[in-house]
Amino acid sequence: MKLLRNALVFVACAATFNVVLPDVLVAQNIDTIKLVQPAKDSWPSYHGDYSGRRHSHLTQITPQNVGNLSLAWVFQTEQNAQIKSSPLLIDGILYFTVPDNLWAIDARSGHQIWHYVYPPNKGDHIGQRGVAVYKDWVFFMGPDAHMVSLNAKDGKVRWNIAVADVNKGYWTTMAPLIVGNHVIVGVGGDMDNLPGFLKAIDPETGATQWEWDATPPTGTPNTATGGMTWIPGTYDPDLNLIYWGTGNPTPVLTGKPRPGDNLYTCSIVAINPDTGKLAWAFQPSPHDTHDWDAVEIPVLVDGVFNGKPRKMLMQASRNGYFFVLDRTNGESLLTVPYGPVNWTLGVDKKGQPIPNPEKEPARDGRLIAPDEGGLTNYRSPSFDPKTGLFLVDAHPSYSIYFAKPEDGDYGWAGADYGLWGKGVLDAIDYQTGKIRWSHELGPGGSGAGVLTTDSGVTFTGDAHGNVLALDTSNGKTLWHAGSGASMQSSPITYELDGRQYVVMGSGGVLFAWALPQDTVASERQGPSTK
Amino acid sequence: MKRSATVAFLVVVSAFIVCQDGQAPIYAASSAQAQSADVHAGDNAGAKVYEDNCAVCHGEKMEGKLPDFPPLTSIRKQLSPQQIAGLVRQGKGRMPAFSNTDLPEDQLTALLHYIDTSQTTMTATAGASTAHSSALSESGGSLFQQNCAFCHGRQADGGETGPDLTHSKLVAEDAGGDKIGEVVRNGRPEKKMPRFNFSEQEMDGLVAFIHTQAAKAAAMKGHRRGVDVTDLQTGDVAAGKRYFNGIGKCISCHAPNGDLSGIASRYTGLELERRMLYPEDAKSKVTVTLPSGEKVTGTLAYLDEFTVAMRDASGTYRSWSLQNVKYSVDSPVNAHVDLFGKYTDADIHNLMAYLQTLR
């Protein structure tokens with residue numbers, strides 16, 4: 001037992017990011033340090049840190065006291081749009097968004113400091129997932145594929161640049177990723193046959209530093225377009241590589257005009273953040289015909305695999321497979337489905353699923369698992385170092401896919417209909433892919449992201465709009481509250497004035513939960529104080 | 001009446017105080033700068049006038065706050081600049097009047113210009129009533145692209161998750177937005193469709209656009225996209241019947257001469273196939289055992305891990321905390337879920353062929 005505990009502690013330590021700052025960093029200013037080693041009173045980037053584990057070292061809220069969790073404050077956006085953003089916390093101020101709207105609010109009280117409204121525009125308003133902050137500047141994406149740099153103090157616009165052409169069919173929803181002096185941003189747009197790309201933008205001038213294209217240009221014979229890059233990736237400062245997922249190929253549901261694997265669509269790519277050069281790529285869905293973007297968070301974990309210490313990358317992919325890769329070179333360590341999957345002929349030598357041609361969309365329909373929304377989608381999973389569990393909001397589901405020549409070879413080019421699905425929080429053992437526990441989240445599916453903490457508490461939401469706190473070791477419910485709408489974002493946590501807050505958006509409302517002040521005071525004075 | 005005017009006045013005054021506090025939304029000033037390519041010079045002044053006087057009720061983006069304050073994004077479809085000026089000077093309903101002292105003539109002119117340049121749609125076609133319906137559809141199209149196209153596709157013929165509206169029964173049965181409007185305003189939470197607070201004008205445009213798209217799609221005839229009844233005729237009736245009575249075990253719950261009698265007359269094509277695979281509206285029965293030992297049975301209305309609810313035989317909604325009761329659910333529809341992992345595609349096509357004989 002003790003041996004096991006020591007082993008787990010080793011994993012936990014190894015999984016924690018470097019204590020000493022690596023010397024390969026381009027810019028070693030205070031901002032880079034804050035991003036590599038976030039303080040407990042901050043959540044300075046989309047994932048909270050560069051690893052994408054959405055795991056916090058805070059321990060004030062525990063499995064024992066979480067039952068007392070209560071409302072600290074709520075913030076009403078008074079917008080119809082659902083909150084899909086992950087807030088940032090910097091110097092006591094939370095920054096979060098819905099399409100066309102960016103707020104700075106006081107993280108202690110939830111009151112508004114400023115509110116920026118983006119001008120009316122033609123972009124797709126499907127969602128807005130948050131902002132990035134570098135020095136005193138906030139970087140916000142408009143639906144029309146523009147990047148706006150604003151003063152964090154008052155929300156005044158410094159500059160506004162186009163990163164892609166909205167008239168061609170691009171849009172943007174993502175929180176950019178800051179690495180060194182690069183603001184790295186991707187795009188959305190699969191209603192047209194357009195190449196996806198990543199761009200590094202100069203945080204001061206807005207000039208493009210480099211661009212990496214996921215596919216050849218539109219019109220290249222027998223190739224796919226697509227590979228949209230709409231969710232922020234992760235970063236390993238030691239290897240100086242960013243890891244990014246790319247979206248499905250276009251035309252979406254018709255594969256004939258684009259034979260082959262369609263690189264680099266539905267791929268996990270490792271890219272040098274200073275040059276934009278590709279280091280390696282792994283393709284979760286070669287020749288995808290089901291709209292299964294592989295943009296889900298590439299989670300970086302240092303730990304033991306098969307007895308050896310490894311630098312790993314884990315992704316629970318939309319196509320239904322859980323992948324563990326060696327992130328130094330992209331080699332596969334594990335490929336295993338984490339729910340019903342019926343579209344493959346097996347897995348190839350590289351660890352990539354082999355698509356079954358019989359399961360491509362057809363005139364008379366094909367029954368496909370999972371459905372188009374996938375076995376999971378963009379909301380973040382979490383990796384808990386102590387238990388070695390990868391927790392993901394899963395969506396076991398079935399659907400029918402159709403395509404015929406009349407659908408053409410542009411954009412969607414087919415039709416698909418979801419039949420049935422449900423939500424389950426799956427706790428995957430990363431070394432085996434076995435599901436150690438599952439927690440049912442209700443019919444249809446949940447969509448909530450996941451946050452874990454060092455004290456062994458997991459925060460997520462169910463299909464009914466309940467916010468849940470679970471015991472990370474066994475998935476049992478410890479606390480809940482009805483929030484009135486299902487959570488479409490991923491929770492964050494931070495500590496201010498010695499009080500731990502958990503913040504999450506449901507519908508158009510941002511909720512901050514904390515232990516009651518008197519509990520906090522006694523916890524801090526008690527012998528268990530750390 | 002006087003009282004409501006005072007209230008309106010107070011709202012305006014307090015809005016000023018909020019603005020002074022520096023908490024006001026900062027759209028106007030910063031956006032004008034941000035969008036320099038799209039916004040004409042001189043709009044800074046109009047934007048400022050709007051922000052100071054109008055935004056508190058009509059919204060920072062003129063989106064309005066329904067049901068109390070109308071959006072102004074398409075106001076030029078309804079009113080000429082002269083009419084707007086009249087309204088501003090005289091007030092209307094709860095809208096206060098702005099006199100020459102409140103709003104000097106140059107400021108009013110700047111405001112009118114700002115409103116003009118901020119219309120989301122068709123200022124060019126405003127007033128040209130002959131072009132009304134196509135302009136309406138065009139403005140609806142723009143709204144559709146921003147809010148609906150992601151799920152329902154650019155042409156409303158289906159996209160991510162959202163159904164093809166050009167083949168939709170609801171759209172076919174809609175008259176002037178009576179059905180579409182209801183769905184858009186209320187959403188379909190169970191299918192993850194959000195609700196939208198569009199103005200009446202916006203809704204008219206949206207409805208016009210959807211009907212235009214449906215008409216275009218219908219006119220395509222042989223080159224019709226989406227799923228047609230004729231696409232679903234690849235199965236074998238005899239094999240489907242064998243599946244129904246054999247390994248599919250459909251016969252254990254359904255009767256071709258009973259509940260399924262005439263099913264192919266009630267539903268056709270994709271709708272029939274989807275119902276066959278999973279009837280979304282199937283009801284489950286729940287029995288709740290109260291602490292007293294009494295058992296209550298009804299139709300399951302809600303169930304999460306904390307609460308169970310039913311409609312009892314009289315139609316009354318009743319709910320219990322799961323801490324206090326035991327319950328059991330009977331969901332025959334789960335047999336459909338169990339089949340998903342067992343079907344081949346041929347099984348489905350054959351079953352579909354057989355069901356289509358039950359007229």
# chains A, B, ... in the order shown; residues from 1 in each chain; ligands from 1

$ residues_around --residues "region 165-169 of chain A" --least-positions-apart "2" --cutoff "10 Å" --atoms "only C-alpha atoms" --output "PyMOL selection string"
chain A and resi 121-124+143-146+162-163+171-172+188-194

$ write_last_selection --atoms "C-alpha atoms" --output "PDB file, in the first residue's frame"
ATOM      1  CA  ASN A 121     -20.732  41.703 -38.153  1.00  0.00           C
ATOM      2  CA  LYS A 122     -21.402  38.897 -40.572  1.00  0.00           C
ATOM      3  CA  GLY A 123     -19.463  36.145 -38.791  1.00  0.00           C
ATOM      4  CA  ASP A 124     -20.924  32.896 -37.514  1.00  0.00           C
ATOM      5  CA  PRO A 143     -17.058  36.111 -35.049  1.00  0.00           C
ATOM      6  CA  ASP A 144     -15.807  37.640 -38.313  1.00  0.00           C
ATOM      7  CA  ALA A 145     -12.284  36.192 -37.919  1.00  0.00           C
ATOM      8  CA  HIS A 146     -10.806  39.411 -36.569  1.00  0.00           C
ATOM      9  CA  ALA A 162      -8.300  40.321 -39.807  1.00  0.00           C
ATOM     10  CA  VAL A 163      -6.755  36.878 -39.342  1.00  0.00           C
ATOM     11  CA  TRP A 171     -15.070  32.570 -38.491  1.00  0.00           C
ATOM     12  CA  THR A 172     -13.329  32.551 -35.120  1.00  0.00           C
ATOM     13  CA  GLY A 188     -13.279  27.768 -37.948  1.00  0.00           C
ATOM     14  CA  GLY A 189     -15.222  27.377 -41.186  1.00  0.00           C
ATOM     15  CA  ASP A 190     -16.359  24.049 -42.547  1.00  0.00           C
ATOM     16  CA  MET A 191     -19.377  25.177 -44.481  1.00  0.00           C
ATOM     17  CA  ASP A 192     -16.974  25.938 -47.342  1.00  0.00           C
ATOM     18  CA  ASN A 193     -13.988  24.134 -48.820  1.00  0.00           C
ATOM     19  CA  LEU A 194     -11.283  26.162 -47.099  1.00  0.00           C
TER      20      LEU A 194
END

$ interface_residues --of "chain A" --to "chain B" --cutoff "7 Å" --atoms "only C-alpha atoms" --output "PyMOL selection string"
chain A and resi 80+113-120+122-126+156-157+159-160+363-364+366-367+372+406-407+412+414-415+417+419-420+442

$ residues_around --residues "Arg185 (chain B)" --least-positions-apart "2" --cutoff "12 Å" --atoms "only C-alpha atoms" --output "list of chain:residue names"
A:Asn80, B:Leu66, B:Gly177, B:Asp178, B:Lys179, B:Ile180, B:Gly181, B:Glu182, B:Val183, B:Gly187, B:Arg188, B:Pro189, B:Met193, B:Pro194, B:Arg195, B:Phe196, B:Asn197, B:Phe198, B:Ser199, B:Glu200, B:Glu202, B:Met203, B:Leu206

$ atom_distance --atom1 "CA of Pro396 (chain A)" --atom2 "CA of Met312 (chain A)"
25.9 Å

$ atom_distance --atom1 "CA of Pro257 (chain A)" --atom2 "CA of Asp293 (chain A)"
18.9 Å

$ closest_residue --among "B:Asn245, B:Ser321, B:Thr101, B:Gln356" --to "Leu272 (chain B)" --atoms "only C-alpha atoms"
B:Gln356

$ residues_around --residues "Leu111 (chain B)" --least-positions-apart "2" --cutoff "8 Å" --atoms "only C-alpha atoms" --output "list of chain:residue names"
B:Ala45, B:Gly46, B:Ala47, B:Val49, B:Tyr50, B:Gln107, B:Leu108, B:Thr109, B:His113, B:Tyr114, B:Ile115

$ select_by_dssp --residues "region 303-464 of chain A" --states "strand (DSSP E)" --output "JSON, numbers by chain"
{"A": [303, 304, 305, 308, 309, 310, 311, 312, 313, 314, 315, 316, 321, 322, 323, 324, 325, 326, 331, 332, 333, 334, 335, 336, 337, 344, 345, 346, 347, 353, 354, 355, 366, 367, 368, 382, 383, 384, 389, 390, 391, 392, 393, 394, 397, 398, 399, 400, 401, 402, 415, 416, 417, 418, 419, 420, 421, 422, 423, 424, 425, 426, 427, 428, 429, 435, 436, 437, 438, 439, 440, 441, 442, 443, 451, 452, 453, 457, 458, 459, 460, 461]}

$ write_last_selection --atoms "C-alpha atoms" --output "CSV table (one decimal), in the first residue's frame"
chain,number,residue,atom,x,y,z
A,303,GLY,CA,4.4,10.1,-15.9
A,304,VAL,CA,5.0,6.4,-16.0
A,305,PHE,CA,3.8,4.3,-18.9
A,308,LYS,CA,9.0,3.8,-18.0
A,309,PRO,CA,8.9,7.5,-17.3
A,310,ARG,CA,7.3,9.2,-20.4
A,311,LYS,CA,6.5,12.6,-21.7
A,312,MET,CA,3.0,11.8,-22.9
A,313,LEU,CA,0.1,13.5,-24.8
A,314,MET,CA,-3.4,12.2,-24.2
A,315,GLN,CA,-6.5,12.9,-26.2
A,316,ALA,CA,-10.0,11.6,-25.8
A,321,TYR,CA,-10.9,6.7,-29.3
A,322,PHE,CA,-8.6,7.6,-26.4
A,323,PHE,CA,-5.0,8.1,-27.5
A,324,VAL,CA,-1.8,8.2,-25.5
A,325,LEU,CA,1.2,9.4,-27.5
A,326,ASP,CA,4.9,10.0,-26.7
A,331,GLU,CA,4.6,7.6,-31.4
A,332,SER,CA,1.5,5.8,-30.2
A,333,LEU,CA,1.5,4.3,-26.8
A,334,LEU,CA,-2.2,3.4,-26.5
A,335,THR,CA,-5.3,3.6,-28.8
A,336,VAL,CA,-8.5,2.3,-27.3
A,337,PRO,CA,-12.2,3.2,-27.7
A,344,THR,CA,-13.4,1.2,-38.1
A,345,LEU,CA,-11.7,-2.0,-39.3
A,346,GLY,CA,-9.2,-1.9,-36.4
A,347,VAL,CA,-6.1,0.1,-35.6
A,353,PRO,CA,-7.9,3.8,-36.5
A,354,ILE,CA,-8.6,2.4,-40.0
A,355,PRO,CA,-11.9,3.8,-41.3
A,366,ARG,CA,-25.4,4.2,-42.4
A,367,LEU,CA,-25.8,3.6,-38.7
A,368,ILE,CA,-22.8,5.3,-37.0
A,382,SER,CA,-9.2,16.8,-16.8
A,383,PHE,CA,-6.2,14.7,-15.8
A,384,ASP,CA,-5.9,13.9,-12.1
A,389,LEU,CA,-7.4,9.2,-14.2
A,390,PHE,CA,-8.3,11.0,-17.4
A,391,LEU,CA,-11.8,12.3,-16.8
A,392,VAL,CA,-13.9,13.0,-19.9
A,393,ASP,CA,-17.5,14.1,-20.5
A,394,ALA,CA,-18.5,11.2,-22.8
A,397,SER,CA,-24.6,7.8,-29.1
A,398,TYR,CA,-25.8,6.6,-32.5
A,399,SER,CA,-26.8,8.4,-35.7
A,400,ILE,CA,-27.5,7.9,-39.4
A,401,TYR,CA,-25.4,9.4,-42.1
A,402,PHE,CA,-26.4,10.0,-45.6
A,415,ALA,CA,-26.8,14.9,-44.1
A,416,ASP,CA,-26.8,13.2,-40.7
A,417,TYR,CA,-29.3,12.7,-38.0
A,418,GLY,CA,-28.7,11.9,-34.3
A,419,LEU,CA,-30.9,9.0,-33.1
A,420,TRP,CA,-30.0,8.6,-29.4
A,421,GLY,CA,-27.3,9.6,-26.9
A,422,LYS,CA,-26.6,10.1,-23.3
A,423,GLY,CA,-24.0,11.7,-21.1
A,424,VAL,CA,-21.5,9.8,-18.9
A,425,LEU,CA,-18.5,11.1,-17.1
A,426,ASP,CA,-15.8,8.4,-17.8
A,427,ALA,CA,-12.7,8.0,-15.6
A,428,ILE,CA,-10.1,6.4,-17.9
A,429,ASP,CA,-7.0,4.7,-16.5
A,435,ILE,CA,-12.8,2.9,-17.5
A,436,ARG,CA,-12.3,2.8,-13.8
A,437,TRP,CA,-15.7,4.4,-13.0
A,438,SER,CA,-18.5,6.0,-14.9
A,439,HIS,CA,-21.0,8.5,-13.7
A,440,GLU,CA,-24.3,8.8,-15.6
A,441,LEU,CA,-25.1,12.4,-16.6
A,442,GLY,CA,-28.5,12.0,-18.2
A,443,PRO,CA,-30.3,11.7,-21.5
A,451,LEU,CA,-12.0,20.3,-13.4
A,452,THR,CA,-10.1,18.3,-10.8
A,453,THR,CA,-8.2,19.5,-7.7
A,457,VAL,CA,-12.7,16.7,-6.0
A,458,THR,CA,-14.0,16.7,-9.5
A,459,PHE,CA,-16.3,19.5,-10.8
A,460,THR,CA,-18.6,19.1,-13.8
A,461,GLY,CA,-22.3,19.3,-14.8

$ atom_distance --atom1 "CA of Leu103 (chain B)" --atom2 "CA of Arg89 (chain B)"
8.7 Å

$ select_by_dssp --residues "region 95-214 of chain B" --states "helix (DSSP H, G or I)" --output "JSON, numbers by chain"
{"B": [105, 106, 107, 108, 109, 110, 111, 112, 113, 114, 115, 116, 117, 123, 124, 125, 129, 130, 131, 132, 133, 134, 135, 136, 137, 138, 139, 140, 141, 142, 143, 144, 145, 146, 147, 149, 150, 151, 152, 165, 166, 167, 169, 170, 171, 172, 173, 180, 181, 182, 183, 184, 185, 186, 189, 190, 191, 200, 201, 202, 203, 204, 205, 206, 207, 208, 209, 210, 211, 212, 213, 214]}

$ decode --residues "region 405-422 of chain A" --atoms "N, CA and C atoms" --output "compact mmCIF listing (two decimals), in the first residue's frame"
# COMPACT_ATOMS: atom_id res chain seq x y z
N PRO A 405 -24.54 11.64 -54.69
CA PRO A 405 -23.90 12.58 -55.64
C PRO A 405 -24.61 13.93 -55.73
N GLU A 406 -25.94 13.93 -55.59
CA GLU A 406 -26.68 15.20 -55.68
C GLU A 406 -26.24 16.19 -54.60
N ASP A 407 -25.65 15.68 -53.53
CA ASP A 407 -25.21 16.58 -52.46
C ASP A 407 -23.98 17.39 -52.87
N GLY A 408 -23.37 17.00 -54.00
CA GLY A 408 -22.24 17.76 -54.51
C GLY A 408 -20.98 17.50 -53.70
N ASP A 409 -19.98 18.34 -53.93
CA ASP A 409 -18.71 18.14 -53.24
C ASP A 409 -18.22 19.44 -52.61
N TYR A 410 -19.20 20.21 -52.14
CA TYR A 410 -18.85 21.49 -51.53
C TYR A 410 -19.45 21.58 -50.13
N GLY A 411 -18.65 21.97 -49.17
CA GLY A 411 -19.17 22.21 -47.82
C GLY A 411 -19.68 20.95 -47.15
N TRP A 412 -20.92 20.97 -46.72
CA TRP A 412 -21.44 19.87 -45.92
C TRP A 412 -21.57 18.59 -46.73
N ALA A 413 -22.20 18.67 -47.92
CA ALA A 413 -22.26 17.56 -48.89
C ALA A 413 -22.77 16.25 -48.29
N GLY A 414 -23.94 16.30 -47.66
CA GLY A 414 -24.54 15.12 -47.07
C GLY A 414 -25.47 15.54 -45.95
N ALA A 415 -25.95 14.56 -45.19
CA ALA A 415 -26.85 14.87 -44.07
C ALA A 415 -26.67 13.80 -43.01
N ASP A 416 -26.84 14.18 -41.77
CA ASP A 416 -26.79 13.17 -40.73
C ASP A 416 -27.78 13.52 -39.63
N TYR A 417 -28.29 12.49 -38.99
CA TYR A 417 -29.33 12.67 -37.99
C TYR A 417 -28.99 11.88 -36.74
N GLY A 418 -28.91 12.55 -35.63
CA GLY A 418 -28.69 11.88 -34.35
C GLY A 418 -29.94 11.09 -33.99
N LEU A 419 -29.74 9.89 -33.44
CA LEU A 419 -30.87 9.05 -33.05
C LEU A 419 -31.04 9.02 -31.54
N TRP A 420 -29.92 8.82 -30.87
CA TRP A 420 -29.98 8.63 -29.42
C TRP A 420 -28.61 8.91 -28.83
N GLY A 421 -28.59 9.43 -27.62
CA GLY A 421 -27.32 9.62 -26.93
C GLY A 421 -27.57 9.89 -25.46
N LYS A 422 -26.52 9.72 -24.67
CA LYS A 422 -26.61 10.06 -23.25
C LYS A 422 -25.26 10.59 -22.79
